[in-house]
>>> print(open('run.pdb').read())   # PDB, C-alpha atoms
ATOM      1  CA  MET V   1     -70.941 -20.703 -39.023
ATOM      2  CA  LEU V   2     -68.894 -22.823 -36.723
ATOM      3  CA  ALA V   3     -65.919 -22.456 -39.046
ATOM      4  CA  VAL V   4     -66.235 -18.654 -38.973
ATOM      5  CA  THR V   5     -66.409 -18.635 -35.148
ATOM      6  CA  VAL V   6     -63.317 -20.841 -34.818
ATOM      7  CA  THR V   7     -61.447 -18.708 -37.340
ATOM      8  CA  VAL V   8     -62.342 -15.454 -35.523
ATOM      9  CA  ALA V   9     -61.374 -16.935 -32.162
ATOM     10  CA  GLY V  10     -58.058 -18.149 -33.591
ATOM     11  CA  LEU V  11     -57.320 -14.729 -35.091
ATOM     12  CA  ALA V  12     -58.124 -13.089 -31.763
ATOM     13  CA  LEU V  13     -55.614 -15.335 -29.984
ATOM     14  CA  VAL V  14     -52.936 -14.680 -32.591
ATOM     15  CA  ALA V  15     -53.546 -10.926 -32.391
ATOM     16  CA  ALA V  16     -53.300 -10.977 -28.608
ATOM     17  CA  GLY V  17     -50.004 -12.871 -28.784
ATOM     18  CA  CYS V  18     -48.535 -10.422 -31.303
ATOM     19  CA  SER V  19     -49.689  -7.234 -29.622
ATOM     20  CA  GLY V  20     -46.303  -6.686 -27.949
ATOM     21  CA  GLU V  21     -47.892  -6.452 -24.563
ATOM     22  CA  GLU V  22     -46.520  -8.988 -22.201
ATOM     23  CA  LYS V  23     -48.221  -9.961 -19.068
ATOM     24  CA  PRO V  24     -45.820 -10.380 -16.155
ATOM     25  CA  ALA V  25     -45.199 -13.950 -15.249
ATOM     26  CA  ALA V  26     -46.310 -14.923 -11.810
ATOM     27  CA  SER V  27     -43.346 -15.593  -9.543
ATOM     28  CA  ALA V  28     -43.035 -16.653  -5.982
ATOM     29  CA  PRO V  29     -42.145 -13.839  -3.584
ATOM     30  CA  ALA V  30     -38.562 -13.845  -2.280
ATOM     31  CA  PRO V  31     -38.292 -15.248   1.230
ATOM     32  CA  ALA V  32     -37.797 -12.636   3.933
ATOM     33  CA  PRO V  33     -34.431 -12.733   5.737
ATOM     34  CA  ALA V  34     -34.498 -14.407   9.093
ATOM     35  CA  PRO V  35     -34.611 -11.921  11.958
ATOM     36  CA  SER V  36     -31.491 -11.713  14.092
ATOM     37  CA  SER V  37     -31.177 -10.613  17.663
ATOM     38  CA  SER V  38     -27.858  -8.784  17.161
ATOM     39  CA  PRO V  39     -25.966  -7.293  14.242
ATOM     40  CA  ALA V  40     -23.492  -9.629  12.621
ATOM     41  CA  ALA V  41     -19.851  -8.876  13.423
ATOM     42  CA  PRO V  42     -17.336  -9.074  10.590
ATOM     43  CA  PRO V  43     -15.285 -12.239  10.690
ATOM     44  CA  PRO V  44     -11.735 -11.840  11.973
ATOM     45  CA  PRO V  45      -9.102 -11.992   9.266
ATOM     46  CA  ALA V  46      -7.035 -15.098   8.913
ATOM     47  CA  SER V  47      -3.699 -14.917  10.652
ATOM     48  CA  SER V  48      -0.563 -16.827   9.954
ATOM     49  CA  GLY V  49       0.246 -17.547  13.588
ATOM     50  CA  PRO V  50       1.995 -15.498  16.286
ATOM     51  CA  LEU V  51       4.556 -12.927  15.203
ATOM     52  CA  THR V  52       7.661 -12.544  17.404
ATOM     53  CA  ARG V  53      10.054  -9.590  17.545
ATOM     54  CA  ASN V  54      13.102  -9.006  19.747
ATOM     55  CA  VAL V  55      14.054  -5.384  20.435
ATOM     56  CA  ASP V  56      17.022  -4.086  22.444
ATOM     57  CA  PHE V  57      17.528  -0.508  23.673
ATOM     58  CA  ARG V  58      21.154   0.266  24.644
ATOM     59  CA  GLY V  59      23.085   3.522  24.741
ATOM     60  CA  GLY V  60      20.111   5.432  23.355
ATOM     61  CA  GLN V  61      19.853   3.204  20.262
ATOM     62  CA  VAL V  62      17.155   0.742  19.226
ATOM     63  CA  ASN V  63      18.419  -2.518  17.758
ATOM     64  CA  PRO V  64      17.185  -3.461  15.247
ATOM     65  CA  PRO V  65      16.402   0.126  14.277
ATOM     66  CA  ALA V  66      12.713   0.994  14.684
ATOM     67  CA  GLU V  67      10.856  -0.668  11.838
ATOM     68  CA  VAL V  68       7.321  -0.980  10.544
ATOM     69  CA  VAL V  69       6.046  -4.517  11.075
ATOM     70  CA  GLU V  70       3.068  -5.699   9.008
ATOM     71  CA  ILE V  71       0.559  -7.766  10.974
ATOM     72  CA  ALA V  72      -2.996  -8.958  10.435
ATOM     73  CA  ARG V  73      -5.789  -7.747  12.674
ATOM     74  CA  GLY V  74      -6.411 -10.541  15.160
ATOM     75  CA  GLN V  75      -2.886 -11.960  14.858
ATOM     76  CA  GLN V  76      -0.894 -12.297  18.091
ATOM     77  CA  ILE V  77       2.345 -10.333  18.482
ATOM     78  CA  SER V  78       4.983 -11.316  21.039
ATOM     79  CA  LEU V  79       7.577  -8.642  21.816
ATOM     80  CA  HIS V  80      10.728  -9.398  23.790
ATOM     81  CA  VAL V  81      12.213  -6.080  24.935
ATOM     82  CA  SER V  82      15.501  -5.525  26.757
ATOM     83  CA  SER V  83      16.935  -2.184  27.874
ATOM     84  CA  ASP V  84      19.936  -0.749  29.684
ATOM     85  CA  ARG V  85      17.645   1.580  31.686
ATOM     86  CA  HIS V  86      14.356   1.390  33.564
ATOM     87  CA  ASP V  87      11.420   2.469  31.404
ATOM     88  CA  ASP V  88       7.810   1.687  30.546
ATOM     89  CA  ILE V  89       6.946  -0.038  27.291
ATOM     90  CA  GLU V  90       3.686   1.355  25.961
ATOM     91  CA  VAL V  91       1.519   0.293  23.053
ATOM     92  CA  THR V  92      -0.164   3.421  21.686
ATOM     93  CA  GLY V  93      -3.944   3.116  21.772
ATOM     94  CA  TYR V  94      -3.878   0.126  24.121
ATOM     95  CA  PRO V  95      -3.645   1.606  27.633
ATOM     96  CA  ASP V  96      -3.858  -1.838  29.244
ATOM     97  CA  LYS V  97      -0.752  -2.953  27.332
ATOM     98  CA  THR V  98       2.141  -1.402  29.255
ATOM     99  CA  GLU V  99       4.999  -3.198  30.941
ATOM    100  CA  ASP V 100       8.076  -2.164  32.949
ATOM    101  CA  VAL V 101      11.476  -3.080  31.575
ATOM    102  CA  ASP V 102      14.614  -2.959  33.735
ATOM    103  CA  PRO V 103      18.320  -3.463  33.008
ATOM    104  CA  GLY V 104      19.096  -7.166  33.156
ATOM    105  CA  ASP V 105      15.361  -8.019  33.271
ATOM    106  CA  PRO V 106      13.928  -8.220  29.745
ATOM    107  CA  GLU V 107      10.178  -7.954  29.375
ATOM    108  CA  ASP V 108       7.803  -9.986  27.242
ATOM    109  CA  LEU V 109       4.694  -8.253  25.951
ATOM    110  CA  ASP V 110       2.037 -10.294  24.152
ATOM    111  CA  PHE V 111      -1.175  -8.939  22.681
ATOM    112  CA  VAL V 112      -3.588  -9.152  19.756
ATOM    113  CA  PRO V 113      -4.354  -5.943  17.850
ATOM    114  CA  ASP V 114      -8.078  -5.712  17.204
ATOM    115  CA  ARG V 115      -8.284  -2.691  14.881
ATOM    116  CA  PRO V 116      -6.464  -1.666  11.712
ATOM    117  CA  GLY V 117      -3.935   1.169  11.529
ATOM    118  CA  ASP V 118      -0.430   2.048  12.693
ATOM    119  CA  ILE V 119       0.373   1.289  16.336
ATOM    120  CA  PRO V 120       3.656   2.660  17.706
ATOM    121  CA  VAL V 121       5.305   0.669  20.495
ATOM    122  CA  ARG V 122       7.654   2.884  22.477
ATOM    123  CA  LEU V 123       9.664   3.474  25.615
ATOM    124  CA  ARG V 124       7.706   6.172  27.418
ATOM    125  CA  ALA V 125      10.406   8.007  29.436
ATOM    126  CA  ALA V 126      13.020   7.800  26.681
ATOM    127  CA  GLY V 127      10.460   8.939  24.096
ATOM    128  CA  VAL V 128      11.810   6.346  21.667
ATOM    129  CA  ASP V 129       9.816   4.239  19.219
ATOM    130  CA  LEU V 130      10.838   0.591  19.353
ATOM    131  CA  LEU V 131       8.736  -0.354  16.331
ATOM    132  CA  THR V 132       5.425   0.402  14.660
ATOM    133  CA  LEU V 133       2.845  -2.275  13.994
ATOM    134  CA  ARG V 134       0.927  -1.762  10.750
ATOM    135  CA  VAL V 135      -2.296  -3.674  11.315
ATOM    136  CA  ARG V 136      -4.259  -4.532   8.177
TER
END
>>> encode(input="run.pdb", output="structure tokens")
Amino acid sequence: MLAVTVTVAGLALVAAGCSGEEKPAASAPAPAPAPSSSPAAPPPPASSGPLTRNVDFRGGQVNPPAEVVEIARGQQISLHVSSDRHDDIEVTGYPDKTEDVDPGDPEDLDFVPDRPGDIPVRLRAAGVDLLTLRVR
């Protein structure tokens, strides 16, 4: 009788293992993310150091001719602007970045673009683009 009981119990175990039904394995729950007090800001892109450009406006002409200058967001740009007439240098979209330029008194304008896109730098009264910064 004992042999019959062991045989039946063994067959029951084999049948349960071959039934195709799998029981989910117990796993530890994933840890919850740590709460934060403020949303994470994206890291600033790497820059390759300050970028310098010299621009001269004489006789109605920009030298070198207005160009598109590629720059990384967060990278410093230093502009050295000279002109044969009084005018205001303006950086489109950055109202706090304007400077006066006068004949014989070149102006330096330094800033760090903080958003991607095209940013024209121009002489306001002359309505002339000196260059366009393409911030990536």
>>> atom_distance(input="run.pdb", atom1="atom CA of V:Pro113", atom2="atom CA of V:Val135")
7.2 Å
>>> resolve_selection(input="run.pdb", expression="the PyMOL selection byres ((chain V and resi 73-80) around 12)", output="ChimeraX atom specification")
/V:42-57,63,69-72,81-83,89-91,97-101,105-119,121-122,130-136
>>> atom_distance(input="run.pdb", atom1="atom CA of V:Pro120", atom2="atom CA of V:Gly93")
8.6 Å
>>> atom_distance(input="run.pdb", atom1="atom CA of V:Pro95", atom2="atom CA of V:Val68")
20.5 Å
>>> closest_residue(input="run.pdb", among="V:Pro103, V:Pro64, V:Asp87, V:Asp96", to="V:Arg124", atoms="all atoms listed in the file")
V:Asp87
>>> residues_near_point(input="run.pdb", point="(19.0, 2.1, 25.7)", cutoff="7 Å", atoms="only C-alpha atoms", output="PyMOL selection string")
chain V and resi 57-62+83-85
